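The block underneath contains the structure these notes are about, expressed in structure tokens.
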Amino acid sequence: MSRSYYVTTPIYYVNDKPHIGHAYTTLACDVLARFKRLDGYDVMFLTGTDEHGQKVEAAAAAAGVDPQSFTDKVSQNFRDLLGVMNYSNDDFIRTTEQRHVVSVQDLWRRLKDNGHIYLGSYAGWYSVRDEAFYTETELTKGPNGQKIAPSGAPVEWVEEPSYFFDLSKWQDRLLEFYEANPDFIAPESRRNEVLSFVRGGLKDLSVSRTSFKWGIPVPGDDAHIMYVWLDALTNYITAVGYPDTEGAYARWWPADLHMVGKDILRFHAVYWPAFLMGAGLAPPKRVFAHGWWTNEGQKISKSLGNVIDPLQLVETYGLDQVRYFLLREVPFGNDGDFSHKAMVARMNSELANDLGNLSQRVLSMIAKNCEAKVPQPGALTPADEALLEAAEGLLDALRAAYDAQAFHRALDAVFDVVGRANRYVDEQAPWALRKTDPARMATVLYTLAETIRHVAILLQPVMPGSCARMLDQLALAEDARTFDRLGAAHRLVPGTPLPKPQGVFPRWVAPEAEATS
Ligand code: ME8
């Protein structure tokens, strides 16, 4: 059986439309899924929507519709985004689906049977916006003196009967688990935050609510609705067939990676492994918490009216330009700022000038001077060999970078080779060789075409559409674009006819400039 890779996004609340932050997390997973597929893995890439809980119930009430119709409608916006962003997910889970209700209730029963759930009553602070409980000491004072959660969200006092999960008993087992699995939480700084949170002691967790109805009932006690995070986290096993623990579950679980934003790390790195271990199931292999996007330096929020709509970004700058920018602009894990200026700078300098021009120049010279066929190379010089070696060495560097979720490092490595190729064009000056040494010109152009083949194959996960067009122009068959075709053994075949070259990465043109030109 081939190697498998199971990657998940958070499932997004359907209280509102998707924005750049949601698009970002799913993009990162899409790139990993595509990279692994091209590298010969069987991949399961899951995303979906989190449709229960008080926050969604309140949003439906505010919209004046029943929660089910409301979630049907808003969830559709997230499914539409998949097409807009060219995501390659294998499944889309909604927590209102029957398969999920069955799965969550089964997990509950296991936890109950194993003695980890007991009935009590909760009196404390709750934030509907975060769907999280807070202790008094975690709260701070807001601008009007009211209590607020660390996230800035308002909190309310809640007192009601509640079932509890015995989280307080899991401190040592969790710490042992983190110790034994040093790669479980990334990046390192986030891992340290989780470790110190757990070392500080854990309180039992309220896992049911009685004050609203929109959720999955507790088996055997309908007055209680399951805490939305217990419901939501379980999606990751529902999608691989749980409660059936053979078949798909045995194939995919434990997940290789849960990708999340830093806001929800605690749920994934503390509660989720404890629930799973409590139910006798294996915890996931890794949780990566990425950073936060701001818009032109400002926090993104509905009240500021600066929410970035991914569809609008794509319409303005182009899909692959946006995909590239989001993963290139900041080291993955750090916070990032979206600005028009930064977007245009990367689009014009790196994509249009460095990569687009390289390909366009080389292919035009081949079209003009080599009868529009892959040129026939002669003996390679050390300069040719150095460039080819750099291109052929990329795969190993990229594997390491992607396994560490270091998207920026992967892109840096590829663009380093693009830079070398551009310098090589200038040094070798194939246009001058046309008259003086056409055989040498053919070798130089061949070396460049082969470098472009590597670059375009390796950039497919990030810019699938544009790279497909680049590879079409090298007349590379669809089934010759996987990573096992990289390297010297599968070089371009001299004499292969090439189509007419076309630009792949347009420069940004301001709308007014376009109108007057
Ligand atoms: O938390 N920058 O759903 P959610 C970067 N339903 N990423 C951002 C972002 C920003 N400004 N804003 C949002 C939930 N995100 C739960 C998850 S999982 C079992 C349940 C991304 O709709 C980021 O991935 O509030 C963050 O973790 C997620 O959206 C929160 O989405």
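Note on naming: chains are A, B, ... as they come in the structure tokens, residues start from 1 per chain, ligands start from 1 in the order shown.
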Exercise answer, 8 Å around ligand 1 with only C-alpha atoms and all ligand atoms, as an mmCIF file with N, CA, C and O atoms, in the first residue's frame:
data_model
loop_
_atom_site.group_PDB
_atom_site.id
_atom_site.type_symbol
_atom_site.label_atom_id
_atom_site.label_comp_id
_atom_site.auth_asym_id
_atom_site.auth_seq_id
_atom_site.Cartn_x
_atom_site.Cartn_y
_atom_site.Cartn_z
ATOM 1 N N THR A 9 -8.239 21.063 7.766
ATOM 2 C CA THR A 9 -8.378 22.472 8.151
ATOM 3 C C THR A 9 -9.299 22.501 9.371
ATOM 4 O O THR A 9 -9.986 21.513 9.633
ATOM 5 N N PRO A 10 -9.360 23.634 10.082
ATOM 6 C CA PRO A 10 -10.431 23.740 11.079
ATOM 7 C C PRO A 10 -11.753 23.700 10.309
ATOM 8 O O PRO A 10 -11.774 24.002 9.114
ATOM 9 N N ILE A 11 -12.827 23.334 10.969
ATOM 10 C CA ILE A 11 -14.125 23.503 10.302
ATOM 11 C C ILE A 11 -14.638 24.872 10.744
ATOM 12 O O ILE A 11 -14.594 25.212 11.932
ATOM 13 N N TYR A 12 -15.056 25.663 9.791
ATOM 14 C CA TYR A 12 -15.324 27.071 10.054
ATOM 15 C C TYR A 12 -16.753 27.300 10.533
ATOM 16 O O TYR A 12 -17.685 26.649 10.055
ATOM 17 N N TYR A 13 -16.902 28.239 11.453
ATOM 18 C CA TYR A 13 -18.238 28.601 11.924
ATOM 19 C C TYR A 13 -19.014 29.225 10.784
ATOM 20 O O TYR A 13 -18.467 30.045 10.032
ATOM 21 N N VAL A 14 -20.292 28.879 10.745
ATOM 22 C CA VAL A 14 -21.115 29.433 9.668
ATOM 23 C C VAL A 14 -21.904 30.652 10.139
ATOM 24 O O VAL A 14 -22.994 30.919 9.645
ATOM 25 N N ASN A 15 -21.312 31.389 11.095
ATOM 26 C CA ASN A 15 -22.021 32.594 11.520
ATOM 27 C C ASN A 15 -21.818 33.735 10.539
ATOM 28 O O ASN A 15 -22.514 34.731 10.571
ATOM 29 N N ASP A 16 -20.837 33.585 9.648
ATOM 30 C CA ASP A 16 -20.517 34.681 8.746
ATOM 31 C C ASP A 16 -19.857 34.168 7.471
ATOM 32 O O ASP A 16 -19.472 33.013 7.393
ATOM 33 N N PRO A 18 -16.995 33.550 4.517
ATOM 34 C CA PRO A 18 -15.553 33.302 4.603
ATOM 35 C C PRO A 18 -14.738 34.560 4.279
ATOM 36 O O PRO A 18 -15.167 35.372 3.472
ATOM 37 N N HIS A 19 -13.595 34.708 4.927
ATOM 38 C CA HIS A 19 -12.701 35.824 4.587
ATOM 39 C C HIS A 19 -11.282 35.322 4.377
ATOM 40 O O HIS A 19 -11.036 34.106 4.372
ATOM 41 N N ILE A 20 -10.372 36.239 4.224
ATOM 42 C CA ILE A 20 -9.000 35.877 3.852
ATOM 43 C C ILE A 20 -8.358 34.899 4.850
ATOM 44 O O ILE A 20 -7.574 34.026 4.458
ATOM 45 N N GLY A 21 -8.708 35.023 6.132
ATOM 46 C CA GLY A 21 -8.131 34.140 7.142
ATOM 47 C C GLY A 21 -8.526 32.685 6.895
ATOM 48 O O GLY A 21 -7.692 31.773 6.968
ATOM 49 N N HIS A 22 -9.802 32.469 6.598
ATOM 50 C CA HIS A 22 -10.254 31.099 6.310
ATOM 51 C C HIS A 22 -9.594 30.592 5.031
ATOM 52 O O HIS A 22 -9.157 29.442 4.946
ATOM 53 N N ALA A 23 -9.537 31.462 4.036
ATOM 54 C CA ALA A 23 -8.937 31.075 2.758
ATOM 55 C C ALA A 23 -7.475 30.675 2.958
ATOM 56 O O ALA A 23 -6.970 29.747 2.326
ATOM 57 N N TYR A 24 -6.806 31.369 3.869
ATOM 58 C CA TYR A 24 -5.371 31.146 4.123
ATOM 59 C C TYR A 24 -5.119 29.748 4.696
ATOM 60 O O TYR A 24 -4.254 29.009 4.210
ATOM 61 N N THR A 25 -5.868 29.409 5.732
ATOM 62 C CA THR A 25 -5.651 28.108 6.369
ATOM 63 C C THR A 25 -5.900 26.977 5.365
ATOM 64 O O THR A 25 -5.128 26.017 5.280
ATOM 65 N N THR A 26 -6.996 27.106 4.614
ATOM 66 C CA THR A 26 -7.328 26.040 3.675
ATOM 67 C C THR A 26 -6.309 25.998 2.543
ATOM 68 O O THR A 26 -5.948 24.922 2.053
ATOM 69 N N THR A 49 -17.535 22.702 7.652
ATOM 70 C CA THR A 49 -18.133 23.785 8.447
ATOM 71 C C THR A 49 -18.663 23.282 9.787
ATOM 72 O O THR A 49 -19.170 22.179 9.908
ATOM 73 N N ASP A 50 -18.525 24.167 10.778
ATOM 74 C CA ASP A 50 -18.900 23.931 12.170
ATOM 75 C C ASP A 50 -20.235 24.638 12.353
ATOM 76 O O ASP A 50 -20.283 25.867 12.353
ATOM 77 N N GLU A 51 -21.301 23.875 12.478
ATOM 78 C CA GLU A 51 -22.618 24.476 12.287
ATOM 79 C C GLU A 51 -23.478 24.554 13.541
ATOM 80 O O GLU A 51 -24.578 25.069 13.503
ATOM 81 N N ASP A 130 -16.099 33.170 21.293
ATOM 82 C CA ASP A 130 -15.016 32.179 21.260
ATOM 83 C C ASP A 130 -15.556 30.773 21.484
ATOM 84 O O ASP A 130 -14.812 29.807 21.330
ATOM 85 N N TRP A 229 -17.355 22.463 21.024
ATOM 86 C CA TRP A 229 -15.979 22.052 20.672
ATOM 87 C C TRP A 229 -15.788 20.540 20.697
ATOM 88 O O TRP A 229 -15.020 19.997 19.906
ATOM 89 N N ALA A 232 -17.344 19.658 17.445
ATOM 90 C CA ALA A 232 -16.566 20.100 16.278
ATOM 91 C C ALA A 232 -15.283 19.281 16.083
ATOM 92 O O ALA A 232 -14.988 18.831 14.974
ATOM 93 N N LEU A 233 -14.527 19.079 17.159
ATOM 94 C CA LEU A 233 -13.247 18.375 17.012
ATOM 95 C C LEU A 233 -13.442 16.960 16.461
ATOM 96 O O LEU A 233 -12.607 16.451 15.703
ATOM 97 N N THR A 234 -14.580 16.365 16.821
ATOM 98 C CA THR A 234 -14.834 14.988 16.402
ATOM 99 C C THR A 234 -14.964 14.855 14.886
ATOM 100 O O THR A 234 -14.838 13.758 14.330
ATOM 101 N N ASN A 235 -15.182 15.976 14.195
ATOM 102 C CA ASN A 235 -15.314 15.913 12.721
ATOM 103 C C ASN A 235 -14.129 15.187 12.074
ATOM 104 O O ASN A 235 -14.278 14.537 11.039
ATOM 105 N N TYR A 236 -12.950 15.346 12.696
ATOM 106 C CA TYR A 236 -11.746 14.786 12.080
ATOM 107 C C TYR A 236 -11.774 13.257 12.015
ATOM 108 O O TYR A 236 -11.119 12.668 11.160
ATOM 109 N N MET A 259 -4.107 21.562 10.673
ATOM 110 C CA MET A 259 -3.661 22.945 10.502
ATOM 111 C C MET A 259 -4.705 23.851 11.147
ATOM 112 O O MET A 259 -5.899 23.695 10.860
ATOM 113 N N VAL A 260 -4.260 24.749 12.002
ATOM 114 C CA VAL A 260 -5.200 25.663 12.680
ATOM 115 C C VAL A 260 -4.581 27.049 12.810
ATOM 116 O O VAL A 260 -3.370 27.220 12.659
ATOM 117 N N GLY A 261 -5.414 28.040 13.118
ATOM 118 C CA GLY A 261 -4.903 29.361 13.467
ATOM 119 C C GLY A 261 -4.511 29.358 14.942
ATOM 120 O O GLY A 261 -4.979 28.516 15.716
ATOM 121 N N LYS A 262 -3.681 30.321 15.333
ATOM 122 C CA LYS A 262 -3.176 30.317 16.714
ATOM 123 C C LYS A 262 -4.292 30.504 17.741
ATOM 124 O O LYS A 262 -4.132 30.164 18.902
ATOM 125 N N ASP A 263 -5.449 31.029 17.300
ATOM 126 C CA ASP A 263 -6.559 31.266 18.228
ATOM 127 C C ASP A 263 -7.165 29.979 18.778
ATOM 128 O O ASP A 263 -7.779 29.992 19.830
ATOM 129 N N ILE A 264 -7.019 28.876 18.053
ATOM 130 C CA ILE A 264 -7.714 27.657 18.479
ATOM 131 C C ILE A 264 -6.742 26.505 18.755
ATOM 132 O O ILE A 264 -7.113 25.346 18.696
ATOM 133 N N LEU A 265 -5.510 26.879 19.084
ATOM 134 C CA LEU A 265 -4.510 25.841 19.353
ATOM 135 C C LEU A 265 -4.849 25.026 20.602
ATOM 136 O O LEU A 265 -4.721 23.809 20.621
ATOM 137 N N PHE A 267 -7.585 24.160 21.970
ATOM 138 C CA PHE A 267 -8.621 23.139 21.756
ATOM 139 C C PHE A 267 -8.024 21.899 21.068
ATOM 140 O O PHE A 267 -8.375 20.773 21.384
ATOM 141 N N HIS A 268 -7.115 22.163 20.123
ATOM 142 C CA HIS A 268 -6.554 21.056 19.343
ATOM 143 C C HIS A 268 -5.399 20.342 20.038
ATOM 144 O O HIS A 268 -5.168 19.169 19.806
ATOM 145 N N ALA A 289 0.004 25.679 14.396
ATOM 146 C CA ALA A 289 -0.794 26.900 14.589
ATOM 147 C C ALA A 289 -0.143 28.053 13.838
ATOM 148 O O ALA A 289 0.945 28.499 14.188
ATOM 149 N N HIS A 290 -0.803 28.526 12.803
ATOM 150 C CA HIS A 290 -0.223 29.618 12.010
ATOM 151 C C HIS A 290 -0.645 30.972 12.565
ATOM 152 O O HIS A 290 -1.453 31.069 13.484
ATOM 153 N N GLY A 291 -0.099 32.033 11.960
ATOM 154 C CA GLY A 291 -0.305 33.383 12.483
ATOM 155 C C GLY A 291 -1.551 34.053 11.935
ATOM 156 O O GLY A 291 -2.380 33.431 11.267
ATOM 157 N N TRP A 292 -1.654 35.321 12.219
ATOM 158 C CA TRP A 292 -2.872 36.093 11.992
ATOM 159 C C TRP A 292 -2.675 37.150 10.917
ATOM 160 O O TRP A 292 -1.656 37.836 10.920
ATOM 161 N N TRP A 293 -3.616 37.292 10.029
ATOM 162 C CA TRP A 293 -3.543 38.334 8.999
ATOM 163 C C TRP A 293 -4.229 39.610 9.450
ATOM 164 O O TRP A 293 -5.302 39.586 10.041
ATOM 165 N N THR A 294 -3.587 40.720 9.123
ATOM 166 C CA THR A 294 -4.227 42.020 9.298
ATOM 167 C C THR A 294 -4.373 42.639 7.911
ATOM 168 O O THR A 294 -3.783 42.158 6.942
ATOM 169 N N LYS A 299 -6.341 45.195 12.434
ATOM 170 C CA LYS A 299 -7.047 43.954 12.717
ATOM 171 C C LYS A 299 -8.264 43.855 11.791
ATOM 172 O O LYS A 299 -8.943 44.845 11.551
ATOM 173 N N ILE A 300 -8.498 42.644 11.279
ATOM 174 C CA ILE A 300 -9.640 42.466 10.384
ATOM 175 C C ILE A 300 -10.903 42.251 11.208
ATOM 176 O O ILE A 300 -10.961 41.331 12.010
ATOM 177 N N ASP A 335 2.609 36.333 12.057
ATOM 178 C CA ASP A 335 1.479 37.139 11.599
ATOM 179 C C ASP A 335 1.847 37.801 10.283
ATOM 180 O O ASP A 335 3.029 38.005 9.990
ATOM 181 N N GLY A 336 0.831 38.161 9.491
ATOM 182 C CA GLY A 336 1.105 38.785 8.203
ATOM 183 C C GLY A 336 0.175 39.950 7.950
ATOM 184 O O GLY A 336 -0.929 39.990 8.480
#
>> Give me, as a ChimeraX atom specification, the residues of segment 240-294 of chain A that a backbone DSSP run labels helix (DSSP H, G or I).
In response: /A:247-252,262-278
Save the residues we just selected, N, CA and C atoms, as an mmCIF file, in the first residue's frame?
data_model
loop_
_atom_site.group_PDB
_atom_site.id
_atom_site.type_symbol
_atom_site.label_atom_id
_atom_site.label_comp_id
_atom_site.auth_asym_id
_atom_site.auth_seq_id
_atom_site.Cartn_x
_atom_site.Cartn_y
_atom_site.Cartn_z
ATOM 1 N N GLY A 247 -11.457 -0.124 8.178
ATOM 2 C CA GLY A 247 -11.628 0.568 6.898
ATOM 3 C C GLY A 247 -10.913 1.902 6.851
ATOM 4 N N ALA A 248 -11.664 2.952 6.486
ATOM 5 C CA ALA A 248 -11.055 4.270 6.277
ATOM 6 C C ALA A 248 -10.319 4.759 7.524
ATOM 7 N N TYR A 249 -10.907 4.541 8.678
ATOM 8 C CA TYR A 249 -10.271 5.008 9.920
ATOM 9 C C TYR A 249 -8.880 4.390 10.083
ATOM 10 N N ALA A 250 -8.825 3.087 9.856
ATOM 11 C CA ALA A 250 -7.534 2.395 10.014
ATOM 12 C C ALA A 250 -6.526 2.900 8.986
ATOM 13 N N ARG A 251 -7.037 3.296 7.833
ATOM 14 C CA ARG A 251 -6.169 3.762 6.762
ATOM 15 C C ARG A 251 -5.602 5.148 7.072
ATOM 16 N N TRP A 252 -6.459 6.065 7.590
ATOM 17 C CA TRP A 252 -6.053 7.469 7.687
ATOM 18 C C TRP A 252 -5.708 7.946 9.084
ATOM 19 N N LYS A 262 -3.681 30.321 15.333
ATOM 20 C CA LYS A 262 -3.176 30.317 16.714
ATOM 21 C C LYS A 262 -4.292 30.504 17.741
ATOM 22 N N ASP A 263 -5.449 31.029 17.300
ATOM 23 C CA ASP A 263 -6.559 31.266 18.228
ATOM 24 C C ASP A 263 -7.165 29.979 18.778
ATOM 25 N N ILE A 264 -7.019 28.876 18.053
ATOM 26 C CA ILE A 264 -7.714 27.657 18.479
ATOM 27 C C ILE A 264 -6.742 26.505 18.755
ATOM 28 N N LEU A 265 -5.510 26.879 19.084
ATOM 29 C CA LEU A 265 -4.510 25.841 19.353
ATOM 30 C C LEU A 265 -4.849 25.026 20.602
ATOM 31 N N ARG A 266 -5.291 25.732 21.655
ATOM 32 C CA ARG A 266 -5.536 25.041 22.916
ATOM 33 C C ARG A 266 -6.567 23.908 22.757
ATOM 34 N N PHE A 267 -7.585 24.160 21.970
ATOM 35 C CA PHE A 267 -8.621 23.139 21.756
ATOM 36 C C PHE A 267 -8.024 21.899 21.068
ATOM 37 N N HIS A 268 -7.115 22.163 20.123
ATOM 38 C CA HIS A 268 -6.554 21.056 19.343
ATOM 39 C C HIS A 268 -5.399 20.342 20.038
ATOM 40 N N ALA A 269 -4.651 21.090 20.829
ATOM 41 C CA ALA A 269 -3.432 20.503 21.390
ATOM 42 C C ALA A 269 -3.619 20.042 22.832
ATOM 43 N N VAL A 270 -4.703 20.459 23.484
ATOM 44 C CA VAL A 270 -4.936 20.041 24.869
ATOM 45 C C VAL A 270 -6.217 19.204 24.960
ATOM 46 N N TYR A 271 -7.343 19.804 24.623
ATOM 47 C CA TYR A 271 -8.620 19.094 24.807
ATOM 48 C C TYR A 271 -8.710 17.861 23.897
ATOM 49 N N TRP A 272 -8.368 18.062 22.618
ATOM 50 C CA TRP A 272 -8.578 16.992 21.626
ATOM 51 C C TRP A 272 -7.767 15.738 21.931
ATOM 52 N N PRO A 273 -6.458 15.834 22.193
ATOM 53 C CA PRO A 273 -5.747 14.592 22.539
ATOM 54 C C PRO A 273 -6.270 13.962 23.829
ATOM 55 N N ALA A 274 -6.731 14.803 24.769
ATOM 56 C CA ALA A 274 -7.267 14.231 26.019
ATOM 57 C C ALA A 274 -8.569 13.476 25.736
ATOM 58 N N PHE A 275 -9.449 14.072 24.926
ATOM 59 C CA PHE A 275 -10.699 13.363 24.569
ATOM 60 C C PHE A 275 -10.371 12.028 23.903
ATOM 61 N N LEU A 276 -9.453 12.098 22.954
ATOM 62 C CA LEU A 276 -9.150 10.881 22.195
ATOM 63 C C LEU A 276 -8.549 9.799 23.089
ATOM 64 N N MET A 277 -7.585 10.191 23.900
ATOM 65 C CA MET A 277 -6.959 9.196 24.788
ATOM 66 C C MET A 277 -7.996 8.659 25.762
ATOM 67 N N GLY A 278 -8.892 9.538 26.205
ATOM 68 C CA GLY A 278 -9.957 9.111 27.120
ATOM 69 C C GLY A 278 -10.860 8.071 26.478
#
>> Given only C-alpha atoms as the basis, pick out the residue of A:Gly487, A:Pro143, A:Arg481, A:Val362 nearest to Gly40 of chain A.
In response: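 Result for the nearest residue to Gly40 of chain A: A:Arg481.
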>> Applying 10 Å and only C-alpha atoms, which residues near Ala449 of chain A remain after dropping the ones on its own chain fewer than 3 positions away? List them as a VMD selection string.
In response: chain A and resid 358 to 359 362 to 363 366 374 to 375 421 443 to 446 452 to 455 474 491 to 492
Could you dump the residues just selected with all heavy atoms as a short mmCIF file (atom, residue, chain, number, x, y, z; two decimals), in the first residue's frame?
data_model
loop_
_atom_site.label_atom_id
_atom_site.label_comp_id
_atom_site.auth_asym_id
_atom_site.auth_seq_id
_atom_site.Cartn_x
_atom_site.Cartn_y
_atom_site.Cartn_z
N LEU A 358 11.53 34.87 -17.38
CA LEU A 358 12.51 33.81 -17.65
C LEU A 358 11.91 32.82 -18.65
O LEU A 358 12.50 32.51 -19.69
CB LEU A 358 12.85 33.09 -16.33
CG LEU A 358 13.68 31.80 -16.49
CD1 LEU A 358 15.10 32.15 -16.95
CD2 LEU A 358 13.73 31.01 -15.18
N SER A 359 10.72 32.36 -18.33
CA SER A 359 10.08 31.37 -19.18
C SER A 359 9.78 31.94 -20.56
O SER A 359 10.05 31.31 -21.60
CB SER A 359 8.81 30.90 -18.46
OG SER A 359 8.06 30.09 -19.28
N VAL A 362 13.04 32.51 -22.69
CA VAL A 362 13.66 31.25 -23.14
C VAL A 362 12.81 30.61 -24.23
O VAL A 362 13.31 30.21 -25.29
CB VAL A 362 13.85 30.30 -21.93
CG1 VAL A 362 14.23 28.91 -22.40
CG2 VAL A 362 14.90 30.87 -20.99
N LEU A 363 11.50 30.55 -23.98
CA LEU A 363 10.63 29.89 -24.96
C LEU A 363 10.56 30.68 -26.27
O LEU A 363 10.48 30.09 -27.35
CB LEU A 363 9.24 29.67 -24.37
CG LEU A 363 9.20 28.59 -23.28
CD1 LEU A 363 7.89 28.63 -22.52
CD2 LEU A 363 9.43 27.20 -23.87
N ILE A 366 13.66 29.91 -28.19
CA ILE A 366 13.57 28.56 -28.77
C ILE A 366 12.64 28.59 -29.99
O ILE A 366 12.94 28.01 -31.05
CB ILE A 366 13.08 27.54 -27.72
CG1 ILE A 366 14.14 27.36 -26.63
CG2 ILE A 366 12.73 26.20 -28.37
CD1 ILE A 366 13.74 26.42 -25.50
N VAL A 374 12.20 21.43 -28.83
CA VAL A 374 13.16 21.31 -27.72
C VAL A 374 14.55 21.18 -28.35
O VAL A 374 14.78 20.30 -29.18
CB VAL A 374 12.86 20.08 -26.83
CG1 VAL A 374 13.96 19.89 -25.79
CG2 VAL A 374 11.49 20.22 -26.15
N PRO A 375 15.48 22.12 -28.00
CA PRO A 375 16.79 22.10 -28.66
C PRO A 375 17.61 20.85 -28.32
O PRO A 375 17.39 20.20 -27.30
CB PRO A 375 17.49 23.36 -28.12
CG PRO A 375 16.61 23.94 -27.09
CD PRO A 375 15.32 23.21 -27.05
N ALA A 421 18.93 31.06 -12.65
CA ALA A 421 18.67 30.85 -14.07
C ALA A 421 18.70 32.19 -14.81
O ALA A 421 19.24 32.28 -15.92
CB ALA A 421 17.32 30.16 -14.26
N THR A 443 22.53 24.35 -26.47
CA THR A 443 22.81 23.74 -25.16
C THR A 443 22.33 24.65 -24.02
O THR A 443 21.73 24.19 -23.05
CB THR A 443 24.33 23.48 -25.01
OG1 THR A 443 24.75 22.74 -26.16
CG2 THR A 443 24.64 22.71 -23.75
N VAL A 444 22.60 25.95 -24.18
CA VAL A 444 22.18 26.90 -23.14
C VAL A 444 20.65 26.91 -23.03
O VAL A 444 20.09 26.84 -21.93
CB VAL A 444 22.72 28.32 -23.46
CG1 VAL A 444 22.07 29.38 -22.58
CG2 VAL A 444 24.25 28.34 -23.30
N LEU A 445 19.98 26.97 -24.15
CA LEU A 445 18.50 27.02 -24.12
C LEU A 445 17.93 25.71 -23.58
O LEU A 445 16.92 25.71 -22.87
CB LEU A 445 17.94 27.35 -25.51
CG LEU A 445 18.24 28.77 -25.98
CD1 LEU A 445 17.73 28.99 -27.41
CD2 LEU A 445 17.62 29.82 -25.04
N TYR A 446 18.58 24.61 -23.90
CA TYR A 446 18.12 23.33 -23.38
C TYR A 446 18.26 23.30 -21.85
O TYR A 446 17.35 22.89 -21.13
CB TYR A 446 18.91 22.16 -24.00
CG TYR A 446 18.40 20.82 -23.52
CD1 TYR A 446 17.31 20.22 -24.16
CD2 TYR A 446 18.95 20.19 -22.41
CE1 TYR A 446 16.80 19.01 -23.69
CE2 TYR A 446 18.44 18.98 -21.94
CZ TYR A 446 17.38 18.39 -22.59
OH TYR A 446 16.86 17.21 -22.14
N ILE A 452 13.45 25.22 -16.18
CA ILE A 452 12.06 25.69 -16.09
C ILE A 452 11.12 24.50 -15.85
O ILE A 452 10.15 24.61 -15.09
CB ILE A 452 11.67 26.47 -17.37
CG1 ILE A 452 12.49 27.75 -17.44
CG2 ILE A 452 10.18 26.79 -17.39
CD1 ILE A 452 12.42 28.45 -18.80
N ARG A 453 11.40 23.39 -16.47
CA ARG A 453 10.58 22.20 -16.23
C ARG A 453 10.57 21.85 -14.73
O ARG A 453 9.51 21.61 -14.14
CB ARG A 453 11.13 21.00 -17.03
CG ARG A 453 10.34 19.70 -16.84
CD ARG A 453 10.89 18.57 -17.71
NE ARG A 453 12.09 17.94 -17.16
CZ ARG A 453 12.10 16.87 -16.34
NH1 ARG A 453 10.95 16.30 -15.99
NH2 ARG A 453 13.23 16.37 -15.90
N HIS A 454 11.74 21.86 -14.12
CA HIS A 454 11.80 21.55 -12.68
C HIS A 454 11.03 22.57 -11.85
O HIS A 454 10.27 22.22 -10.95
CB HIS A 454 13.27 21.49 -12.22
CG HIS A 454 13.89 20.18 -12.48
ND1 HIS A 454 14.32 19.79 -13.74
CD2 HIS A 454 14.13 19.12 -11.66
CE1 HIS A 454 14.80 18.57 -13.66
NE2 HIS A 454 14.70 18.14 -12.42
N VAL A 455 11.27 23.83 -12.15
CA VAL A 455 10.63 24.89 -11.37
C VAL A 455 9.11 24.78 -11.50
O VAL A 455 8.38 24.86 -10.50
CB VAL A 455 11.14 26.27 -11.87
CG1 VAL A 455 10.25 27.40 -11.40
CG2 VAL A 455 12.59 26.47 -11.41
N LEU A 474 5.96 23.59 -22.50
CA LEU A 474 7.12 22.70 -22.69
C LEU A 474 6.67 21.38 -23.29
O LEU A 474 7.45 20.43 -23.38
CB LEU A 474 7.82 22.44 -21.35
CG LEU A 474 8.57 23.63 -20.75
CD1 LEU A 474 9.07 23.28 -19.35
CD2 LEU A 474 9.76 24.02 -21.64
N ARG A 491 14.67 13.93 -18.58
CA ARG A 491 14.87 15.24 -19.21
C ARG A 491 14.02 15.42 -20.46
O ARG A 491 13.59 14.43 -21.08
CB ARG A 491 16.35 15.42 -19.56
CG ARG A 491 17.14 15.74 -18.31
CD ARG A 491 18.53 16.25 -18.61
NE ARG A 491 19.15 16.56 -17.33
CZ ARG A 491 20.46 16.54 -17.09
NH1 ARG A 491 21.30 16.25 -18.07
NH2 ARG A 491 20.92 16.85 -15.91
N LEU A 492 13.78 16.65 -20.84
CA LEU A 492 13.02 16.97 -22.05
C LEU A 492 13.67 16.27 -23.25
O LEU A 492 14.90 16.18 -23.33
CB LEU A 492 13.02 18.49 -22.28
CG LEU A 492 12.20 19.30 -21.28
CD1 LEU A 492 12.58 20.79 -21.37
CD2 LEU A 492 10.70 19.12 -21.51
#
